>>> print(open('model_25.pdb').read())   # PDB, C-alpha atoms
MODEL        1
ATOM      1  CA  MET B   1     126.420  92.666  96.460
ATOM      2  CA  CYS B   2     123.820  90.348  97.820
ATOM      3  CA  GLY B   3     124.624  86.646  97.608
ATOM      4  CA  ARG B   4     122.226  85.343 100.250
ATOM      5  CA  TYR B   5     119.292  86.627 102.188
ATOM      6  CA  VAL B   6     116.954  85.330 104.833
ATOM      7  CA  LEU B   7     113.185  84.937 104.899
ATOM      8  CA  PHE B   8     111.390  83.795 108.030
ATOM      9  CA  SER B   9     107.695  83.998 108.836
ATOM     10  CA  ASP B  10     108.031  84.951 112.505
ATOM     11  CA  THR B  11     104.699  85.667 114.130
ATOM     12  CA  GLU B  12     105.523  89.341 114.728
ATOM     13  CA  MET B  13     106.143  89.935 110.998
ATOM     14  CA  GLN B  14     102.597  89.792 109.674
ATOM     15  CA  ASP B  15     103.445  91.299 106.243
ATOM     16  CA  ILE B  16     106.146  88.722 105.541
ATOM     17  CA  ARG B  17     104.035  85.852 106.890
ATOM     18  CA  ASP B  18     101.112  86.870 104.653
ATOM     19  CA  ILE B  19     103.370  86.921 101.560
ATOM     20  CA  ILE B  20     104.837  83.500 102.336
ATOM     21  CA  ASN B  21     101.410  81.975 103.051
ATOM     22  CA  GLU B  22      99.895  83.316  99.830
ATOM     23  CA  VAL B  23     102.745  82.003  97.673
ATOM     24  CA  GLN B  24     102.733  78.615  99.421
ATOM     25  CA  LYS B  25      99.027  78.245  98.596
ATOM     26  CA  LYS B  26      99.750  78.936  94.913
ATOM     27  CA  VAL B  27     102.627  76.453  94.619
ATOM     28  CA  ASN B  28     101.646  73.800  97.180
ATOM     29  CA  GLY B  29     104.355  74.838  99.639
ATOM     30  CA  GLU B  30     107.236  74.470  97.162
ATOM     31  CA  ILE B  31     109.140  77.637  98.022
ATOM     32  CA  LYS B  32     112.254  78.206 100.044
ATOM     33  CA  THR B  33     112.218  80.009 103.362
ATOM     34  CA  GLY B  34     115.033  80.432 105.870
ATOM     35  CA  GLU B  35     118.360  81.190 104.201
ATOM     36  CA  ILE B  36     117.763  81.829 100.485
ATOM     37  CA  PHE B  37     120.516  80.872  98.037
ATOM     38  CA  PRO B  38     120.861  81.685  94.319
ATOM     39  CA  THR B  39     118.645  79.407  92.163
ATOM     40  CA  ASN B  40     116.154  78.897  95.029
ATOM     41  CA  LYS B  41     112.513  79.660  94.296
ATOM     42  CA  ALA B  42     111.347  82.324  96.734
ATOM     43  CA  PRO B  43     108.443  84.750  97.185
ATOM     44  CA  VAL B  44     108.702  87.949  95.141
ATOM     45  CA  LEU B  45     106.179  90.756  94.718
ATOM     46  CA  ILE B  46     105.240  91.252  91.040
ATOM     47  CA  LYS B  47     102.808  93.673  89.389
ATOM     48  CA  GLU B  48     100.291  91.818  87.205
ATOM     49  CA  GLN B  49      97.526  93.811  85.484
ATOM     50  CA  GLY B  50      98.131  96.716  87.854
ATOM     51  CA  ILE B  51      97.882  94.583  91.015
ATOM     52  CA  ILE B  52     100.862  93.823  93.250
ATOM     53  CA  MET B  53     100.854  90.136  94.180
ATOM     54  CA  PRO B  54     103.319  87.577  95.551
ATOM     55  CA  GLU B  55     104.649  84.868  93.284
ATOM     56  CA  ALA B  56     107.279  82.124  93.543
ATOM     57  CA  VAL B  57     110.256  83.114  91.365
ATOM     58  CA  LYS B  58     113.714  81.579  90.861
ATOM     59  CA  TRP B  59     116.676  83.732  91.952
ATOM     60  CA  GLY B  60     119.152  84.362  89.144
ATOM     61  CA  PHE B  61     118.981  85.301  85.486
ATOM     62  CA  PRO B  62     120.649  82.684  83.258
ATOM     63  CA  GLY B  63     124.374  83.341  82.934
ATOM     64  CA  PHE B  64     126.183  83.988  79.694
ATOM     65  CA  LYS B  65     126.568  80.930  77.469
ATOM     66  CA  GLY B  66     124.464  78.930  79.932
ATOM     67  CA  LYS B  67     127.050  79.124  82.721
ATOM     68  CA  GLY B  68     125.906  79.959  86.240
ATOM     69  CA  VAL B  69     123.386  82.626  87.144
ATOM     70  CA  ILE B  70     123.447  86.399  87.456
ATOM     71  CA  ILE B  71     121.988  87.225  90.852
ATOM     72  CA  ASN B  72     122.589  90.991  91.036
ATOM     73  CA  ALA B  73     122.294  93.966  88.691
ATOM     74  CA  ARG B  74     124.077  97.272  89.228
ATOM     75  CA  SER B  75     121.424  99.966  89.482
ATOM     76  CA  GLU B  76     123.778 102.575  87.998
ATOM     77  CA  SER B  77     124.214 100.680  84.730
ATOM     78  CA  ALA B  78     121.074  98.515  84.447
ATOM     79  CA  MET B  79     119.532 100.871  81.878
ATOM     80  CA  GLU B  80     122.455 100.364  79.495
ATOM     81  CA  LYS B  81     122.728  96.590  79.864
ATOM     82  CA  PRO B  82     120.746  94.552  77.312
ATOM     83  CA  MET B  83     119.992  91.894  79.953
ATOM     84  CA  PHE B  84     118.389  94.391  82.346
ATOM     85  CA  HIS B  85     117.112  97.513  80.573
ATOM     86  CA  LYS B  86     113.699  96.140  79.524
ATOM     87  CA  SER B  87     113.136  94.704  82.994
ATOM     88  CA  LEU B  88     114.017  98.030  84.600
ATOM     89  CA  GLU B  89     111.441  99.725  82.384
ATOM     90  CA  GLU B  90     108.622  97.192  82.708
ATOM     91  CA  LYS B  91     109.389  94.255  85.023
ATOM     92  CA  ARG B  92     110.391  95.571  88.408
ATOM     93  CA  CYS B  93     109.775  93.422  91.466
ATOM     94  CA  VAL B  94     110.263  93.552  95.219
ATOM     95  CA  ILE B  95     112.049  90.835  97.146
ATOM     96  CA  PRO B  96     110.689  90.511 100.693
ATOM     97  CA  SER B  97     113.174  89.371 103.314
ATOM     98  CA  THR B  98     113.970  89.550 106.964
ATOM     99  CA  GLY B  99     117.558  90.619 106.210
ATOM    100  CA  PHE B 100     120.505  89.800 103.976
ATOM    101  CA  PHE B 101     124.001  88.435 104.524
ATOM    102  CA  GLU B 102     127.419  89.690 103.574
ATOM    103  CA  TRP B 103     130.883  88.415 104.435
ATOM    104  CA  SER B 104     133.804  90.579 105.517
ATOM    105  CA  HIS B 105     136.590  90.805 102.957
ATOM    106  CA  SER B 106     139.418  91.822 105.263
ATOM    107  CA  GLY B 107     140.653  89.683 108.111
ATOM    108  CA  PRO B 108     138.625  86.606 109.037
ATOM    109  CA  LYS B 109     135.632  85.819 106.812
ATOM    110  CA  ASP B 110     132.909  86.837 109.228
ATOM    111  CA  LYS B 111     129.266  86.538 108.137
ATOM    112  CA  TYR B 112     127.062  89.535 108.938
ATOM    113  CA  GLN B 113     123.305  89.903 108.776
ATOM    114  CA  PHE B 114     121.928  93.309 107.819
ATOM    115  CA  ASN B 115     118.455  94.484 108.819
ATOM    116  CA  LEU B 116     116.378  97.620 108.647
ATOM    117  CA  PRO B 117     116.342  99.255 112.111
ATOM    118  CA  GLY B 118     112.984  99.046 113.865
ATOM    119  CA  SER B 119     111.496  96.656 111.301
ATOM    120  CA  GLY B 120     111.434  92.889 110.964
ATOM    121  CA  ALA B 121     110.967  93.178 107.207
ATOM    122  CA  LEU B 122     113.545  94.326 104.666
ATOM    123  CA  TYR B 123     112.398  94.821 101.070
ATOM    124  CA  MET B 124     114.882  94.831  98.175
ATOM    125  CA  ALA B 125     114.363  96.252  94.693
ATOM    126  CA  GLY B 126     114.640  93.705  91.928
ATOM    127  CA  LEU B 127     114.087  92.972  88.268
ATOM    128  CA  TYR B 128     112.482  89.923  86.737
ATOM    129  CA  ASN B 129     112.107  88.342  83.321
ATOM    130  CA  ASP B 130     110.948  85.083  81.794
ATOM    131  CA  TYR B 131     113.444  82.610  80.353
ATOM    132  CA  GLY B 132     112.193  79.470  78.630
ATOM    133  CA  GLY B 133     108.881  79.662  80.458
ATOM    134  CA  GLU B 134     110.502  80.166  83.849
ATOM    135  CA  ARG B 135     110.284  83.462  85.729
ATOM    136  CA  ARG B 136     113.557  84.611  87.325
ATOM    137  CA  PHE B 137     114.696  87.624  89.340
ATOM    138  CA  ALA B 138     117.869  89.558  90.140
ATOM    139  CA  ILE B 139     118.461  91.928  93.055
ATOM    140  CA  LEU B 140     119.406  95.508  92.229
ATOM    141  CA  THR B 141     122.521  96.789  94.001
ATOM    142  CA  THR B 142     123.991 100.219  94.639
ATOM    143  CA  ASP B 143     127.101 101.702  96.238
ATOM    144  CA  ALA B 144     127.348 100.795  99.906
ATOM    145  CA  ASN B 145     126.375 103.446 102.420
ATOM    146  CA  ALA B 146     128.075 104.036 105.790
ATOM    147  CA  SER B 147     126.371 101.004 107.359
ATOM    148  CA  MET B 148     127.840  98.602 104.753
ATOM    149  CA  GLU B 149     131.034 100.076 103.317
ATOM    150  CA  GLU B 150     133.302  98.589 106.006
ATOM    151  CA  ILE B 151     132.129  95.093 104.972
ATOM    152  CA  HIS B 152     131.452  95.442 101.214
ATOM    153  CA  ASN B 153     131.401  98.198  98.580
ATOM    154  CA  ARG B 154     127.931  97.204  97.266
ATOM    155  CA  MET B 155     124.548  96.695  98.898
ATOM    156  CA  PRO B 156     121.021  95.873  97.742
ATOM    157  CA  VAL B 157     118.706  98.759  96.879
ATOM    158  CA  VAL B 158     116.702  98.586 100.098
ATOM    159  CA  LEU B 159     113.166  99.954  99.874
ATOM    160  CA  SER B 160     111.146 101.428 102.692
ATOM    161  CA  SER B 161     107.606 100.018 102.869
ATOM    162  CA  ASP B 162     106.408 103.427 101.601
ATOM    163  CA  GLU B 163     108.501 103.013  98.417
ATOM    164  CA  ILE B 164     107.203  99.587  97.349
ATOM    165  CA  GLU B 165     104.281 100.853  95.300
ATOM    166  CA  GLN B 166     106.376 103.656  93.769
ATOM    167  CA  TRP B 167     109.046 101.114  92.755
ATOM    168  CA  MET B 168     106.514  98.752  91.208
ATOM    169  CA  LYS B 169     104.130 101.121  89.457
ATOM    170  CA  ASP B 170     106.055 104.258  88.455
ATOM    171  CA  TYR B 171     109.082 104.063  86.149
ATOM    172  CA  GLN B 172     110.251 107.609  86.905
ATOM    173  CA  GLY B 173     109.653 106.963  90.595
ATOM    174  CA  ALA B 174     111.801 103.824  90.317
ATOM    175  CA  LEU B 175     114.610 105.849  88.725
ATOM    176  CA  ASP B 176     114.305 108.390  91.541
ATOM    177  CA  ILE B 177     114.680 105.600  94.096
ATOM    178  CA  ILE B 178     117.854 104.151  92.581
ATOM    179  CA  GLN B 179     119.391 107.625  92.391
ATOM    180  CA  SER B 180     118.685 108.407  96.059
ATOM    181  CA  SER B 181     120.568 107.311  99.163
ATOM    182  CA  ARG B 182     119.362 104.147 100.834
ATOM    183  CA  PRO B 183     118.568 103.688 104.529
ATOM    184  CA  ILE B 184     121.216 103.005 107.141
ATOM    185  CA  LEU B 185     121.066  99.363 108.252
ATOM    186  CA  ASP B 186     121.805  97.484 111.461
ATOM    187  CA  ARG B 187     124.373  94.705 111.298
ATOM    188  CA  ARG B 188     125.247  91.815 113.545
ATOM    189  CA  LEU B 189     127.401  88.707 113.296
ATOM    190  CA  ALA B 190     125.301  85.885 111.896
TER     191      ALA B 190
ENDMDL
END
>>> encode(input="model_25.pdb", output="structure tokens")
Amino acid sequence: MCGRYVLFSDTEMQDIRDIINEVQKKVNGEIKTGEIFPTNKAPVLIKEQGIIMPEAVKWGFPGFKGKGVIINARSESAMEKPMFHKSLEEKRCVIPSTGFFEWSHSGPKDKYQFNLPGSGALYMAGLYNDYGGERRFAILTTDANASMEEIHNRMPVVLSSDEIEQWMKDYQGALDIIQSSRPILDRRLA
């Protein structure tokens, strides 16, 4: 599960800063940074005509019968779900972040931030589609690994920087990614 994530343009994170700056130029600064909530418009990497480029996209596919939004898609069943299967085949995206949040479900509701060890950037696999002329994305999730399972049974499909192009450009490569184990993450109280 991923219900919130964080996106800062700290000076030491050149990749993230470049993505944010490029999207802000396109949309006159109208994107969310800091803590990103569902329905916020945030930078996402999309493949257009074979080129990977950042774009401002709203987080959450429209919910059923117009109620709420669907912010996550289970990687194990996305191929069978009518809402996600076409996006998994043709409209994969990458959500740049500097970490994501999850709350403990036992004991006090503590908020944890998860990050990729040794890296300021954390990239998540996603799907996008267009609804009524508006582009929207959902974050792909998978079973939690050892770094997450104590807090939650799901986690985003975290991509290494080496997997970004494979995820975006190669359907079989994308399937290989979602069937492989994901990196161990660092966590700290937020």
>>> atom_distance(input="model_25.pdb", atom1="atom CA of B:Asn115", atom2="atom CA of B:Ser161")
13.6 Å
>>> closest_residue(input="model_25.pdb", among="B:Ile70, B:Ile16, B:Phe37, B:Met168", to="B:Gln49", atoms="all atoms listed in the file")
B:Met168
>>> atom_distance(input="model_25.pdb", atom1="atom CA of B:Asn145", atom2="atom CA of B:Glu165")
23.4 Å
>>> resolve_selection(input="model_25.pdb", expression="the PyMOL selection byres ((chain B and resi 114) around 7)", output="ChimeraX atom specification")
/B:99-101,112-113,115,185-188
>>> closest_residue(input="model_25.pdb", among="B:Ser97, B:Gln172, B:Thr142, B:Ser147", to="B:Asn72", atoms="only C-alpha atoms")
B:Thr142
>>> closest_residue(input="model_25.pdb", among="B:Ile184, B:Ile36, B:Leu189, B:Ala146", to="B:Cys2", atoms="only C-alpha atoms")
B:Ile36
>>> atom_distance(input="model_25.pdb", atom1="atom CA of B:Met83", atom2="atom CA of B:Pro54")
23.2 Å
>>> resolve_selection(input="model_25.pdb", expression="the PyMOL selection byres ((chain B and resi 140) around 12)", output="VMD selection string")
chain B and resid 1 to 3 60 70 to 79 84 87 to 88 92 to 95 123 to 128 137 to 139 141 to 143 154 to 159 167 174 to 175 177 to 178
>>> closest_residue(input="model_25.pdb", among="B:Ala56, B:Ala121, B:Ile51, B:Ala144", to="B:Val23", atoms="all atoms listed in the file")
B:Ala56
>>> residues_around(input="model_25.pdb", residues="B:Glu22", least_positions_apart="2", cutoff="10 Å", atoms="all atoms listed in the file", output="ChimeraX atom specification")
/B:17-20,24-27,29,43,53-56
